[in-house]
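Source file: protein_11.csv. Holds: CSV, C-alpha atoms.
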chain,number,residue,atom,x,y,z
Q,1,ASP,CA,-14.3,-0.6,-25.1
Q,2,GLU,CA,-14.6,2.1,-22.5
Q,3,PRO,CA,-12.1,2.0,-19.5
Q,4,PRO,CA,-14.0,0.8,-16.4
Q,5,PRO,CA,-15.2,3.6,-14.2
Q,6,GLU,CA,-13.8,4.2,-10.7
Q,7,ALA,CA,-15.3,2.3,-7.9
Q,8,GLU,CA,-16.5,5.5,-6.2
Q,9,GLU,CA,-18.3,6.5,-9.4
Q,10,GLU,CA,-20.0,3.2,-9.7
Q,11,ALA,CA,-21.1,3.3,-6.0
Q,12,ALA,CA,-22.4,6.9,-6.4
Q,13,TRP,CA,-24.3,6.0,-9.6
Q,14,ARG,CA,-25.9,2.9,-8.0
Q,15,SER,CA,-26.9,4.9,-4.9
Q,16,LEU,CA,-28.4,7.7,-6.9
Q,17,SER,CA,-30.2,5.8,-9.6
Q,18,GLY,CA,-31.2,2.7,-7.7
Q,19,ALA,CA,-29.9,0.6,-10.6
Q,20,PRO,CA,-30.2,-3.2,-10.1
Q,21,GLU,CA,-27.2,-5.4,-9.7
Q,22,SER,CA,-27.7,-6.8,-13.2
Q,23,GLU,CA,-26.7,-3.4,-14.6
Q,24,HIS,CA,-23.4,-1.6,-14.5
Q,25,LEU,CA,-22.0,1.9,-15.1
Q,26,VAL,CA,-20.3,2.4,-18.4
Q,27,LYS,CA,-19.2,6.1,-18.2
Q,28,LEU,CA,-19.5,9.3,-16.2
Q,29,VAL,CA,-19.3,12.6,-18.0
Q,30,THR,CA,-20.3,16.2,-17.2
Q,31,CYS,CA,-22.7,18.1,-19.5
Q,32,THR,CA,-25.7,20.4,-19.7
Q,33,LEU,CA,-29.2,19.0,-19.9
Q,34,SER,CA,-32.3,20.7,-21.4
Q,35,ALA,CA,-35.7,19.4,-22.7
Q,36,SER,CA,-38.0,20.7,-25.4
Q,37,GLU,CA,-41.1,19.5,-23.5
Q,38,ALA,CA,-42.1,19.8,-19.9
Q,39,SER,CA,-43.5,16.3,-20.1
Q,40,VAL,CA,-40.0,14.8,-20.3
Q,41,LEU,CA,-38.8,16.5,-17.1
Q,42,SER,CA,-40.6,18.3,-14.3
Q,43,LYS,CA,-41.9,21.7,-15.4
Q,44,ALA,CA,-39.3,23.6,-13.5
Q,45,THR,CA,-36.6,21.5,-15.1
Q,46,ALA,CA,-37.4,22.3,-18.7
Q,47,THR,CA,-34.5,24.8,-18.7
Q,48,ALA,CA,-30.8,24.0,-19.0
Q,49,HIS,CA,-29.0,22.6,-16.1
Q,50,ALA,CA,-25.3,21.6,-15.8
Q,51,GLY,CA,-24.5,18.4,-14.0
Q,52,ASP,CA,-23.3,14.8,-14.1
Q,53,LEU,CA,-24.5,12.3,-16.7
Q,54,TYR,CA,-24.2,8.6,-15.7
Q,55,LEU,CA,-24.3,6.2,-18.7
Q,56,GLY,CA,-25.4,2.9,-17.4
Q,57,SER,CA,-25.7,-0.3,-19.4
Q,58,ALA,CA,-29.5,0.0,-19.6
Q,59,ALA,CA,-30.4,3.6,-18.8
Q,60,LEU,CA,-28.9,7.1,-18.4
Q,61,TYR,CA,-29.2,9.1,-15.2
Q,62,PHE,CA,-28.6,12.8,-14.9
Q,63,LEU,CA,-28.1,14.8,-11.7
Q,64,GLY,CA,-27.8,18.5,-11.9
Q,65,SER,CA,-25.3,20.5,-9.9
Q,66,ARG,CA,-26.4,22.5,-6.9
Q,67,THR,CA,-25.1,26.1,-7.1
Q,68,ALA,CA,-25.8,29.4,-5.3
Q,69,PHE,CA,-28.5,30.1,-8.0
Q,70,VAL,CA,-29.9,26.5,-8.2
Q,71,LYS,CA,-31.1,25.3,-4.9
Q,72,GLU,CA,-32.8,22.1,-6.1
Q,73,ARG,CA,-30.8,19.5,-8.0
Q,74,ARG,CA,-32.5,18.4,-11.1
Q,75,GLU,CA,-32.5,14.7,-12.1
Q,76,LEU,CA,-33.6,12.5,-15.0
Q,77,SER,CA,-33.6,8.8,-15.3
Q,78,LEU,CA,-34.2,7.6,-18.9
Q,79,PRO,CA,-34.2,3.9,-20.0
Q,80,TYR,CA,-32.5,3.4,-23.4
Q,81,SER,CA,-35.5,1.3,-24.5
Q,82,SER,CA,-37.6,4.6,-24.7
Q,83,ILE,CA,-35.1,6.3,-27.1
Q,84,ALA,CA,-36.1,6.3,-30.7
Q,85,ASP,CA,-33.3,8.4,-32.2
Q,86,VAL,CA,-29.8,9.8,-31.3
Q,87,ARG,CA,-28.7,12.8,-33.4
Q,88,LYS,CA,-25.8,15.1,-33.6
Q,89,LYS,CA,-26.6,18.7,-32.4
Q,90,SER,CA,-24.5,21.3,-34.2
Q,91,GLY,CA,-23.6,24.7,-32.9
Q,92,LYS,CA,-21.3,27.6,-33.6
Q,93,LEU,CA,-19.6,27.4,-30.2
Q,94,PRO,CA,-18.1,24.2,-28.7
Q,95,ALA,CA,-20.3,24.4,-25.7
Q,96,SER,CA,-23.4,24.4,-27.8
Q,97,LYS,CA,-22.5,21.2,-29.7
Q,98,GLY,CA,-23.9,17.9,-28.4
Q,99,ILE,CA,-26.6,15.3,-28.7
Q,100,THR,CA,-30.4,15.3,-29.2
Q,101,LEU,CA,-32.3,12.3,-28.0
Q,102,THR,CA,-35.8,11.7,-29.4
Q,103,LEU,CA,-38.1,9.9,-27.1
Q,104,ALA,CA,-41.1,7.8,-28.3
Q,105,GLY,CA,-44.5,7.7,-26.6
Q,106,GLY,CA,-47.3,9.9,-25.6
Q,107,ARG,CA,-49.0,12.2,-28.1
Q,108,GLY,CA,-45.7,12.6,-30.0
Q,109,PRO,CA,-42.0,12.5,-29.6
Q,110,ALA,CA,-40.3,14.7,-27.1
Q,111,SER,CA,-36.6,15.5,-27.1
Q,112,VAL,CA,-33.8,15.9,-24.6
Q,113,VAL,CA,-30.7,17.9,-25.6
Q,114,LEU,CA,-27.3,17.3,-24.0
Q,115,THR,CA,-24.5,19.8,-24.6
Q,116,GLY,CA,-21.3,21.0,-23.1
Q,117,PHE,CA,-19.3,17.8,-23.5
Q,118,ALA,CA,-15.5,17.7,-23.6
Q,119,ALA,CA,-15.8,15.2,-26.5
Q,120,PRO,CA,-19.4,15.3,-27.8
Q,121,ASN,CA,-18.9,12.9,-30.8
Q,122,HIS,CA,-17.3,10.2,-28.6
Q,123,VAL,CA,-20.3,10.4,-26.1
Q,124,ARG,CA,-22.8,10.3,-29.0
Q,125,HIS,CA,-21.3,7.2,-30.6
Q,126,LEU,CA,-21.2,5.5,-27.2
Q,127,LEU,CA,-24.9,6.4,-26.6
Q,128,GLU,CA,-25.7,5.0,-30.1
Q,129,THR,CA,-24.1,1.7,-29.1
Q,130,LEU,CA,-25.9,1.5,-25.7
Q,131,VAL,CA,-29.3,2.6,-27.0
Q,132,SER,CA,-29.1,0.2,-30.0
Q,133,ARG,CA,-28.6,-2.7,-27.6
Q,134,CYS,CA,-31.7,-1.9,-25.7
Q,135,SER,CA,-34.1,-0.1,-28.0
Q,136,PRO,CA,-36.1,-1.8,-30.8
Q,137,LEU,CA,-36.8,1.7,-32.1
Q,138,LEU,CA,-33.2,2.5,-33.1
Q,139,ALA,CA,-31.1,0.9,-35.8
Q,140,ARG,CA,-27.7,2.5,-36.1
Q,141,GLU,CA,-27.4,1.8,-39.8
Q,142,ARG,CA,-30.5,3.9,-40.5
Q,143,LEU,CA,-29.4,7.0,-38.6
Q,144,THR,CA,-29.2,10.0,-40.8
Q,145,GLU,CA,-25.4,10.4,-40.3
Q,146,ASN,CA,-24.7,6.8,-41.4
Q,147,VAL,CA,-26.9,7.0,-44.5
Q,148,ALA,CA,-25.0,10.2,-45.4
Q,149,LEU,CA,-21.6,8.6,-44.8
Q,150,ARG,CA,-22.3,5.6,-47.0
Q,151,SER,CA,-23.4,7.9,-49.8
Q,152,LYS,CA,-20.5,10.3,-49.3
Q,153,PHE,CA,-17.9,7.5,-49.6
Q,154,GLY,CA,-19.7,5.3,-52.2
Q,155,LEU,CA,-20.4,2.5,-49.8
Q,156,GLU,CA,-24.1,2.1,-50.5
Q,157,HIS,CA,-23.4,-1.5,-51.4
Q,158,ASP,CA,-22.9,-2.2,-47.7
Q,159,PRO,CA,-26.1,-0.9,-46.0
Q,160,SER,CA,-25.2,-2.2,-42.6
Q,161,LEU,CA,-22.2,0.2,-42.2
Q,162,PHE,CA,-22.3,2.8,-39.4
Q,163,VAL,CA,-19.8,5.1,-37.7
Q,164,LEU,CA,-18.2,3.6,-34.6
Q,165,ALA,CA,-15.9,6.6,-33.9
Q,166,GLU,CA,-14.7,9.8,-35.6
Q,167,PHE,CA,-11.5,11.9,-35.1
Q,168,GLY,CA,-10.4,15.3,-36.3
Q,169,CYS,CA,-7.0,15.0,-38.0
Q,170,ALA,CA,-5.1,15.7,-41.3
Q,171,LEU,CA,-4.1,13.4,-44.1
Q,172,VAL,CA,-0.5,14.1,-45.3
Q,173,HIS,CA,0.1,14.8,-49.0
Q,174,ALA,CA,3.3,15.7,-50.8
Q,175,GLU,CA,2.0,19.2,-51.2
Q,176,GLY,CA,0.6,19.6,-47.6
Q,177,SER,CA,-2.0,18.2,-45.3
Q,178,SER,CA,-5.7,17.9,-45.9
Q,179,LYS,CA,-7.5,18.9,-42.6
Q,180,GLY,CA,-10.6,16.9,-42.0
Q,181,LYS,CA,-12.1,13.9,-40.2
Q,182,LEU,CA,-11.4,10.2,-40.0
Q,183,TYR,CA,-14.4,7.9,-39.6
Q,184,VAL,CA,-14.1,4.4,-38.3
Q,185,THR,CA,-16.8,1.9,-39.4
Q,186,GLN,CA,-17.0,-1.9,-39.0
Q,187,ARG,CA,-15.1,-2.6,-42.2
Q,188,TYR,CA,-13.7,0.6,-43.5
Q,189,LEU,CA,-11.7,3.6,-42.5
Q,190,CYS,CA,-12.9,6.7,-44.3
Q,191,PHE,CA,-11.3,10.2,-44.5
Q,192,LYS,CA,-12.8,13.4,-45.7
Q,193,GLY,CA,-10.9,16.7,-45.7
Q,194,SER,CA,-9.7,19.6,-47.8
Q,195,LEU,CA,-6.4,21.3,-48.9
Q,196,PHE,CA,-6.4,24.7,-50.6
Q,197,GLY,CA,-10.1,24.4,-51.3
Q,198,ARG,CA,-9.7,21.0,-52.9
Q,199,GLU,CA,-11.7,18.2,-51.3
Q,200,THR,CA,-10.0,14.9,-50.4
Q,201,ARG,CA,-11.8,11.6,-49.8
Q,202,ALA,CA,-10.2,8.3,-49.1
Q,203,VAL,CA,-11.5,4.8,-48.1
Q,204,TYR,CA,-9.3,2.0,-46.7
Q,205,ALA,CA,-10.8,-1.5,-46.2
Q,206,PHE,CA,-9.6,-3.0,-42.9
Q,207,ASP,CA,-8.8,-6.3,-44.7
Q,208,GLU,CA,-6.2,-4.4,-46.7
Q,209,VAL,CA,-4.6,-2.7,-43.8
Q,210,LEU,CA,-1.3,-4.4,-42.8
Q,211,SER,CA,-0.4,-2.2,-39.7
Q,212,VAL,CA,-1.1,0.9,-37.8
Q,213,GLU,CA,1.8,2.5,-35.9
Q,214,PRO,CA,2.4,5.7,-33.9
Q,215,CYS,CA,4.9,8.1,-35.4
Q,216,GLU,CA,6.2,11.6,-34.8
Q,217,SER,CA,6.6,12.7,-38.3
Q,218,PRO,CA,5.6,15.1,-39.8
Q,219,ALA,CA,4.3,16.2,-36.4
Q,220,PRO,CA,3.8,14.7,-32.9
Q,221,ASN,CA,0.6,12.6,-32.4
Q,222,SER,CA,0.8,11.2,-35.9
Q,223,ILE,CA,-0.2,7.7,-37.2
Q,224,SER,CA,1.2,5.6,-40.0
Q,225,LEU,CA,-1.2,3.4,-41.8
Q,226,ALA,CA,0.4,0.7,-44.0
Q,227,CYS,CA,-1.9,-0.9,-46.6
Q,228,THR,CA,-1.4,-3.5,-49.3
Q,229,THR,CA,-1.0,-0.8,-52.0
Q,230,SER,CA,0.0,2.3,-50.1
Q,231,GLU,CA,1.2,3.9,-46.9
Q,232,GLU,CA,-0.6,6.9,-45.4
Q,233,ARG,CA,0.1,9.3,-42.6
Q,234,PHE,CA,-2.5,11.0,-40.5
Q,235,THR,CA,-1.5,13.8,-38.1
Q,236,PHE,CA,-2.8,16.6,-35.8
Q,237,PHE,CA,-4.9,14.3,-33.7
Q,238,GLY,CA,-6.1,15.8,-30.5
Q,239,ALA,CA,-5.3,12.6,-28.7
Q,240,ARG,CA,-3.7,9.6,-30.4
Q,241,ALA,CA,-4.2,6.9,-27.9
Q,242,PRO,CA,-8.0,6.5,-28.5
Q,243,VAL,CA,-7.4,6.3,-32.2
Q,244,LEU,CA,-4.8,3.6,-31.9
Q,245,ALA,CA,-7.0,1.7,-29.4
Q,246,ILE,CA,-10.0,1.4,-31.7
Q,247,LEU,CA,-7.9,0.7,-34.9
Q,248,SER,CA,-6.1,-2.1,-33.0
Q,249,GLN,CA,-9.4,-3.6,-32.2
Q,250,MET,CA,-10.6,-3.4,-35.8
Q,251,LEU,CA,-7.5,-5.1,-37.1
Structure encoded using structure tokens:
Amino acid sequence: DEPPPEAEEEAAWRSLSGAPESEHLVKLVTCTLSASEASVLSKATATAHAGDLYLGSAALYFLGSRTAFVKERRELSLPYSSIADVRKKSGKLPASKGITLTLAGGRGPASVVLTGFAAPNHVRHLLETLVSRCSPLLARERLTENVALRSKFGLEHDPSLFVLAEFGCALVHAEGSSKGKLYVTQRYLCFKGSLFGRETRAVYAFDEVLSVEPCESPAPNSISLACTTSEERFTFFGARAPVLAILSQML
């Protein structure tokens, strides 16, 4: 669960977006917005604009920042029910990584691209959750990333699985640490990484996990995972608290 937004953020979002009392603000983040078609935004807004992205319970609202070069603040209000797909946007630079939203309707799908997040994967998975609750067009288990994950870890027997969260980290071995990524799904914890060019893949069923504890060995921000048949250590997390929070919920 997301920590509740500040009262000032909630008040600003409600004033700007005109959201009804039945809706609530989930999260406020800064990012850059662009659109591939002028029909999605106003014609002048079809270029990139930095600003605030308010993620409500039923719709997102973007308000661009006003600068010396941008006199008119750009805005976009988009109900989740109109979103057909949420995809990861890759990029060589951190600022170019983000999210592509595909919108249904009209003569064909248009897309909105959001980049410049501090934590793009976290926001993407949050958007997947919010959109899937409101849009009949999006089923998380059928998203390309989730189909690939089930294939990658041999979990095709469970077609309802999807990624809830993902974290960059390293799995500790006797000969070193495999740097990679930890994926959290509804029933499994999956890791994929590499060490000296050798790929490492591991799957842990949550019903076989006995405990998850913070530890400071072999490095700060490490986590110890005790299972029925083994004990693993993951280290080099950017931030450990979010990892412990979601794993505690799953257990």
Any idea what's packed within 7 Å of Thr185 (chain Q), counting all atoms listed in the file, ignoring anything in its chain fewer than 2 positions away? Could you give it as a list in words?
Leu161, Phe162, Val163, Leu164, Tyr183, Arg187, Tyr188 and Leu189 of chain Q
Env of Glu9 (chain Q): 12 Å cut, atoms = all atoms listed in the file, seq-sep filter 3 positions within chain, self excluded. Answer as a PyMOL selection string.
chain Q and resi 4-6+12-17+24-29+52-56
Pick out the residues sitting within 8 Å of Val86 (chain Q), and hand them over as a PyMOL selection string; count only C-alpha atoms, and ignore anything fewer than 5 positions along from it in its own chain.
chain Q and resi 99-102+124+127-128+143
Please provide the set of residues having any atom within 9 Å of His122 (chain Q), restricted to all atoms listed in the file, with same-chain residues fewer than 6 positions apart removed, written as a PDB file with C-alpha atoms, keeping the file's coordinate frame.
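Contents of part-v4.pdb, freshly written:
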ATOM      1  CA  LEU Q 164     -18.200   3.600 -34.600  1.00  0.00           C
ATOM      2  CA  ALA Q 165     -15.900   6.600 -33.900  1.00  0.00           C
ATOM      3  CA  GLU Q 166     -14.700   9.800 -35.600  1.00  0.00           C
ATOM      4  CA  PHE Q 167     -11.500  11.900 -35.100  1.00  0.00           C
TER       5      PHE Q 167
END
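The shortest atom-to-atom distance to Gly98 (chain Q), with all atoms listed in the file taken into account, belongs to Q:Thr32 out of Q:Ser65, Q:Thr32, Q:Thr129, Q:Ser57.
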Which of these, Q:Glu232, Q:Glu23, Q:Glu2, Q:Glu156, has the shortest distance to Ala245 (chain Q) once you count only C-alpha atoms?
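Ranked by minimum distance to Ala245 (chain Q), first place goes to Q:Glu2.
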Using Å and a single decimal, report how far CA of Lys181 (chain Q) sits from CA of Val147 (chain Q).
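CA of Val147 (chain Q) sits 16.9 Å away from CA of Lys181 (chain Q).
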